[in-house]
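This is protein_38.pdb. It holds PDB, C-alpha atoms, pLDDT in the B column.
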ATOM      1  CA  MET A   1     -44.961  62.161  -1.842  1.00 50.00           C
ATOM      2  CA  LYS A   2     -41.198  61.775  -2.122  1.00 49.00           C
ATOM      3  CA  LYS A   3     -41.175  60.158   1.280  1.00 51.00           C
ATOM      4  CA  THR A   4     -43.862  57.659   0.226  1.00 48.00           C
ATOM      5  CA  LEU A   5     -42.002  56.849  -3.010  1.00 43.00           C
ATOM      6  CA  LEU A   6     -38.769  56.284  -1.083  1.00 44.00           C
ATOM      7  CA  ILE A   7     -40.470  53.980   1.418  1.00 50.00           C
ATOM      8  CA  THR A   8     -42.128  52.047  -1.425  1.00 48.00           C
ATOM      9  CA  ALA A   9     -38.774  51.627  -3.232  1.00 48.00           C
ATOM     10  CA  ALA A  10     -37.032  50.497  -0.057  1.00 47.00           C
ATOM     11  CA  PHE A  11     -39.836  48.039   0.690  1.00 47.00           C
ATOM     12  CA  GLY A  12     -39.609  46.665  -2.880  1.00 49.00           C
ATOM     13  CA  LEU A  13     -35.880  46.108  -2.521  1.00 46.00           C
ATOM     14  CA  PHE A  14     -36.455  44.374   0.782  1.00 47.00           C
ATOM     15  CA  LEU A  15     -39.020  42.013  -0.767  1.00 48.00           C
ATOM     16  CA  THR A  16     -36.800  41.094  -3.725  1.00 50.00           C
ATOM     17  CA  SER A  17     -33.880  40.380  -1.454  1.00 50.00           C
ATOM     18  CA  CYS A  18     -36.058  38.022   0.607  1.00 50.00           C
ATOM     19  CA  ASP A  19     -36.933  35.973  -2.485  1.00 50.00           C
ATOM     20  CA  LYS A  20     -33.346  34.849  -3.008  1.00 49.00           C
ATOM     21  CA  LYS A  21     -32.763  31.348  -1.727  1.00 49.00           C
ATOM     22  CA  GLU A  22     -29.369  30.330  -0.568  1.00 49.00           C
ATOM     23  CA  THR A  23     -28.177  27.036  -1.991  1.00 46.00           C
ATOM     24  CA  THR A  24     -25.530  24.809  -0.551  1.00 47.00           C
ATOM     25  CA  ASN A  25     -23.675  22.178  -2.508  1.00 46.00           C
ATOM     26  CA  VAL A  26     -23.114  19.006  -0.535  1.00 46.00           C
ATOM     27  CA  VAL A  27     -20.511  16.552  -1.728  1.00 45.00           C
ATOM     28  CA  THR A  28     -20.772  13.053  -0.403  1.00 42.00           C
ATOM     29  CA  THR A  29     -18.212  10.318  -0.731  1.00 42.00           C
ATOM     30  CA  GLU A  30     -18.676   6.621  -0.352  1.00 45.00           C
ATOM     31  CA  GLN A  31     -17.240   5.260   2.861  1.00 44.00           C
ATOM     32  CA  THR A  32     -14.079   3.291   2.104  1.00 50.00           C
ATOM     33  CA  THR A  33     -13.115   2.179   5.577  1.00 51.00           C
ATOM     34  CA  ASP A  34     -14.219  -0.903   7.435  1.00 48.00           C
ATOM     35  CA  SER A  35     -15.481  -1.095  11.009  1.00 45.00           C
ATOM     36  CA  ILE A  36     -11.987  -0.760  12.521  1.00 45.00           C
ATOM     37  CA  GLY A  37     -10.904   2.134  10.318  1.00 50.00           C
ATOM     38  CA  VAL A  38      -8.888   0.267   7.675  1.00 51.00           C
ATOM     39  CA  ASP A  39      -8.970   2.064   4.337  1.00 53.00           C
ATOM     40  CA  ASN A  40     -10.289  -0.489   1.824  1.00 59.00           C
ATOM     41  CA  ALA A  41      -9.788   1.688  -1.253  1.00 72.00           C
ATOM     42  CA  HIS A  42      -6.037   2.098  -0.824  1.00 85.00           C
ATOM     43  CA  ASN A  43      -3.612  -0.757  -0.354  1.00 92.00           C
ATOM     44  CA  SER A  44      -0.012  -1.621  -1.160  1.00 93.00           C
ATOM     45  CA  GLN A  45      -0.928  -3.051  -4.537  1.00 93.00           C
ATOM     46  CA  ASN A  46      -2.677   0.055  -5.875  1.00 91.00           C
ATOM     47  CA  SER A  47      -1.056   2.852  -3.855  1.00 87.00           C
ATOM     48  CA  LEU A  48       2.656   2.117  -3.643  1.00 90.00           C
ATOM     49  CA  ASP A  49       5.467   2.132  -6.180  1.00 91.00           C
ATOM     50  CA  TRP A  50       6.273  -1.486  -5.336  1.00 96.00           C
ATOM     51  CA  ASP A  51       7.842  -2.855  -8.525  1.00 96.00           C
ATOM     52  CA  GLY A  52      11.644  -2.988  -8.566  1.00 97.00           C
ATOM     53  CA  THR A  53      14.588  -4.763  -6.959  1.00 98.00           C
ATOM     54  CA  TYR A  54      14.885  -5.397  -3.221  1.00 98.00           C
ATOM     55  CA  GLU A  55      17.921  -6.603  -1.264  1.00 98.00           C
ATOM     56  CA  GLY A  56      18.712  -7.791   2.217  1.00 98.00           C
ATOM     57  CA  VAL A  57      20.778 -10.302   4.170  1.00 97.00           C
ATOM     58  CA  LEU A  58      18.610 -12.839   5.957  1.00 97.00           C
ATOM     59  CA  PRO A  59      19.733 -14.995   8.894  1.00 95.00           C
ATOM     60  CA  CYS A  60      21.293 -18.388   8.163  1.00 94.00           C
ATOM     61  CA  ALA A  61      21.680 -21.300  10.586  1.00 92.00           C
ATOM     62  CA  ASP A  62      25.040 -22.495   9.238  1.00 92.00           C
ATOM     63  CA  CYS A  63      26.525 -19.474   7.463  1.00 93.00           C
ATOM     64  CA  GLU A  64      27.009 -15.733   7.950  1.00 94.00           C
ATOM     65  CA  GLY A  65      23.773 -14.896   6.166  1.00 97.00           C
ATOM     66  CA  ILE A  66      21.855 -15.239   2.919  1.00 97.00           C
ATOM     67  CA  LYS A  67      21.980 -12.251   0.595  1.00 98.00           C
ATOM     68  CA  ASN A  68      18.573 -12.075  -1.079  1.00 98.00           C
ATOM     69  CA  THR A  69      17.970 -10.080  -4.237  1.00 98.00           C
ATOM     70  CA  LEU A  70      14.329 -10.089  -5.319  1.00 98.00           C
ATOM     71  CA  THR A  71      12.996  -8.309  -8.382  1.00 98.00           C
ATOM     72  CA  ILE A  72       9.229  -7.993  -8.811  1.00 98.00           C
ATOM     73  CA  SER A  73       7.512  -6.429 -11.800  1.00 97.00           C
ATOM     74  CA  GLN A  74       4.124  -5.034 -12.811  1.00 96.00           C
ATOM     75  CA  ASP A  75       3.392  -8.163 -14.873  1.00 97.00           C
ATOM     76  CA  ASN A  76       3.520 -10.214 -11.620  1.00 97.00           C
ATOM     77  CA  LYS A  77       6.832 -11.888 -12.423  1.00 97.00           C
ATOM     78  CA  TYR A  78       9.696 -12.266  -9.999  1.00 97.00           C
ATOM     79  CA  HIS A  79      13.342 -13.264  -9.989  1.00 97.00           C
ATOM     80  CA  LEU A  80      14.984 -14.287  -6.706  1.00 96.00           C
ATOM     81  CA  THR A  81      18.710 -14.850  -6.127  1.00 97.00           C
ATOM     82  CA  GLN A  82      19.914 -16.171  -2.780  1.00 96.00           C
ATOM     83  CA  GLU A  83      23.665 -16.086  -2.129  1.00 98.00           C
ATOM     84  CA  TYR A  84      24.832 -18.019   0.929  1.00 97.00           C
ATOM     85  CA  ILE A  85      27.691 -15.946   2.346  1.00 96.00           C
ATOM     86  CA  ASN A  86      30.986 -17.905   2.714  1.00 93.00           C
ATOM     87  CA  LYS A  87      29.406 -21.108   1.398  1.00 93.00           C
ATOM     88  CA  ASN A  88      29.950 -20.685  -2.351  1.00 91.00           C
ATOM     89  CA  LEU A  89      26.284 -21.516  -2.936  1.00 96.00           C
ATOM     90  CA  VAL A  90      23.818 -19.522  -5.043  1.00 97.00           C
ATOM     91  CA  ALA A  91      20.165 -20.437  -5.527  1.00 94.00           C
ATOM     92  CA  LYS A  92      18.020 -18.807  -8.224  1.00 95.00           C
ATOM     93  CA  ASP A  93      14.286 -18.930  -8.739  1.00 94.00           C
ATOM     94  CA  SER A  94      11.893 -17.224 -11.145  1.00 95.00           C
ATOM     95  CA  GLY A  95       8.171 -17.306 -11.719  1.00 95.00           C
ATOM     96  CA  ILE A  96       5.017 -15.418 -10.920  1.00 96.00           C
ATOM     97  CA  PHE A  97       3.750 -13.951  -7.687  1.00 97.00           C
ATOM     98  CA  THR A  98       0.186 -13.386  -6.535  1.00 97.00           C
ATOM     99  CA  TRP A  99      -1.389 -10.711  -4.355  1.00 97.00           C
ATOM    100  CA  ASP A 100      -3.608 -11.581  -1.410  1.00 96.00           C
ATOM    101  CA  THR A 101      -7.229 -10.392  -1.518  1.00 94.00           C
ATOM    102  CA  ASN A 102      -6.417  -7.292   0.571  1.00 94.00           C
ATOM    103  CA  GLY A 103      -3.591  -6.181  -1.756  1.00 94.00           C
ATOM    104  CA  GLY A 104      -1.030  -6.043   1.046  1.00 96.00           C
ATOM    105  CA  LYS A 105       0.964  -9.268   0.640  1.00 97.00           C
ATOM    106  CA  ILE A 106       2.577 -11.128  -2.230  1.00 97.00           C
ATOM    107  CA  THR A 107       3.415 -14.823  -2.456  1.00 97.00           C
ATOM    108  CA  LEU A 108       6.087 -16.148  -4.780  1.00 96.00           C
ATOM    109  CA  GLU A 109       4.567 -19.104  -6.602  1.00 93.00           C
ATOM    110  CA  SER A 110       7.339 -21.692  -6.520  1.00 85.00           C
ATOM    111  CA  LYS A 111       7.554 -25.442  -6.105  1.00 76.00           C
ATOM    112  CA  ASP A 112      10.632 -24.958  -3.901  1.00 74.00           C
ATOM    113  CA  ASN A 113       9.815 -22.133  -1.476  1.00 72.00           C
ATOM    114  CA  GLY A 114       6.658 -20.009  -1.830  1.00 85.00           C
ATOM    115  CA  PHE A 115       7.902 -17.078   0.267  1.00 94.00           C
ATOM    116  CA  THR A 116       5.314 -14.493   1.316  1.00 97.00           C
ATOM    117  CA  TYR A 117       6.092 -10.806   1.851  1.00 97.00           C
ATOM    118  CA  LYS A 118       4.176  -7.908   3.311  1.00 97.00           C
ATOM    119  CA  VAL A 119       4.618  -4.990   0.893  1.00 97.00           C
ATOM    120  CA  GLY A 120       5.518  -1.644   2.448  1.00 96.00           C
ATOM    121  CA  GLU A 121       6.843   1.674   1.190  1.00 95.00           C
ATOM    122  CA  GLY A 122      10.255   0.763  -0.251  1.00 97.00           C
ATOM    123  CA  ARG A 123      10.466  -2.472   1.752  1.00 98.00           C
ATOM    124  CA  LEU A 124       9.347  -6.089   1.715  1.00 98.00           C
ATOM    125  CA  PHE A 125       8.871  -7.854   5.051  1.00 97.00           C
ATOM    126  CA  GLN A 126       9.339 -11.606   4.762  1.00 97.00           C
ATOM    127  CA  LEU A 127       6.587 -13.469   6.589  1.00 97.00           C
ATOM    128  CA  ASP A 128       6.654 -16.840   8.313  1.00 94.00           C
ATOM    129  CA  MET A 129       5.241 -20.028   6.773  1.00 90.00           C
ATOM    130  CA  ASP A 130       1.748 -19.141   8.062  1.00 91.00           C
ATOM    131  CA  GLY A 131       1.832 -15.660   6.489  1.00 92.00           C
ATOM    132  CA  ASN A 132       2.383 -13.839   9.783  1.00 94.00           C
ATOM    133  CA  GLU A 133       5.011 -11.221  10.586  1.00 94.00           C
ATOM    134  CA  ILE A 134       8.177 -12.657  12.078  1.00 94.00           C
ATOM    135  CA  ASP A 135       8.659 -11.807  15.764  1.00 92.00           C
ATOM    136  CA  GLY A 136      11.672 -12.065  17.996  1.00 91.00           C
ATOM    137  CA  ALA A 137      15.172 -10.704  18.164  1.00 93.00           C
ATOM    138  CA  LEU A 138      15.905 -11.284  14.452  1.00 93.00           C
ATOM    139  CA  LYS A 139      12.695  -9.816  13.017  1.00 94.00           C
ATOM    140  CA  ASP A 140      14.521  -6.756  11.621  1.00 95.00           C
ATOM    141  CA  HIS A 141      16.759  -9.109   9.604  1.00 96.00           C
ATOM    142  CA  TYR A 142      13.806 -10.320   7.506  1.00 97.00           C
ATOM    143  CA  ILE A 143      13.405  -7.032   5.627  1.00 97.00           C
ATOM    144  CA  LEU A 144      14.373  -6.447   2.007  1.00 98.00           C
ATOM    145  CA  THR A 145      14.954  -2.817   1.022  1.00 98.00           C
ATOM    146  CA  LYS A 146      14.287  -1.383  -2.431  1.00 97.00           C
ATOM    147  CA  LYS A 147      17.414  -0.368  -4.362  1.00 94.00           C
TER     148      LYS A 147
END
Represent the supplied structure as structure tokens.
Amino acid sequence: MKKTLLITAAFGLFLTSCDKKETTNVVTTEQTTDSIGVDNAHNSQNSLDWDGTYEGVLPCADCEGIKNTLTISQDNKYHLTQEYINKNLVAKDSGIFTWDTNGGKITLESKDNGFTYKVGEGRLFQLDMDGNEIDGALKDHYILTKK
């Protein structure tokens, strides 16, 4: 009798343990990359600490260089000072800048120049008149570094 009761109790425990269903939580995230793996959710505009003052000396055809100081702010305003080294010439410009649709480049809206920069971590890379990165031996001289 004790043996039968023990078998019945063991069988009952076995049946109740079989009734438990294991659940798995699955978390899905929306894909934020395009077909070539570019992350569309994160860009320079929304991921970097880009506002501030940047400096660099750019090449000059008839002087030792042009010291550029560019300040950009969260309200999309800029102030640019260009000092022509050994020429006693300073050019200043202020206005607004706009972001491209991908959030990676800014263009200074100006009647005089309209420079475009690729925005990187702590650096601005001046682009050519077509909005492309500058190539060649002097390409590293077209970089402004955040102060």
Between CA of Gly120 (chain A) and CA of His79 (chain A) lies a distance of 18.7 Å
Report, in Å to a single decimal, how far apart CA of Lys67 (chain A) and CA of Glu83 (chain A) are. 5.0 Å
Between A:Asp93, A:Lys146, A:Ile106, A:Lys111, which has the minimum distance to Gly131 (chain A) (counting all atoms listed in the file)? A:Ile106
List the neighbours of Thr53 (chain A) out to 6 Å using only C-alpha atoms; skip same-chain residues closer than 3 positions along the sequence, and give me the result as a list in words. Leu70, Thr71, Lys146 and Lys147 of chain A
Got a sec: who's within 10 Å of Asp140 (chain A), counting all atoms listed in the file, leaving out chain neighbours fewer than 6 positions off, as a PyMOL selection string? chain A and resi 58+125-126+134
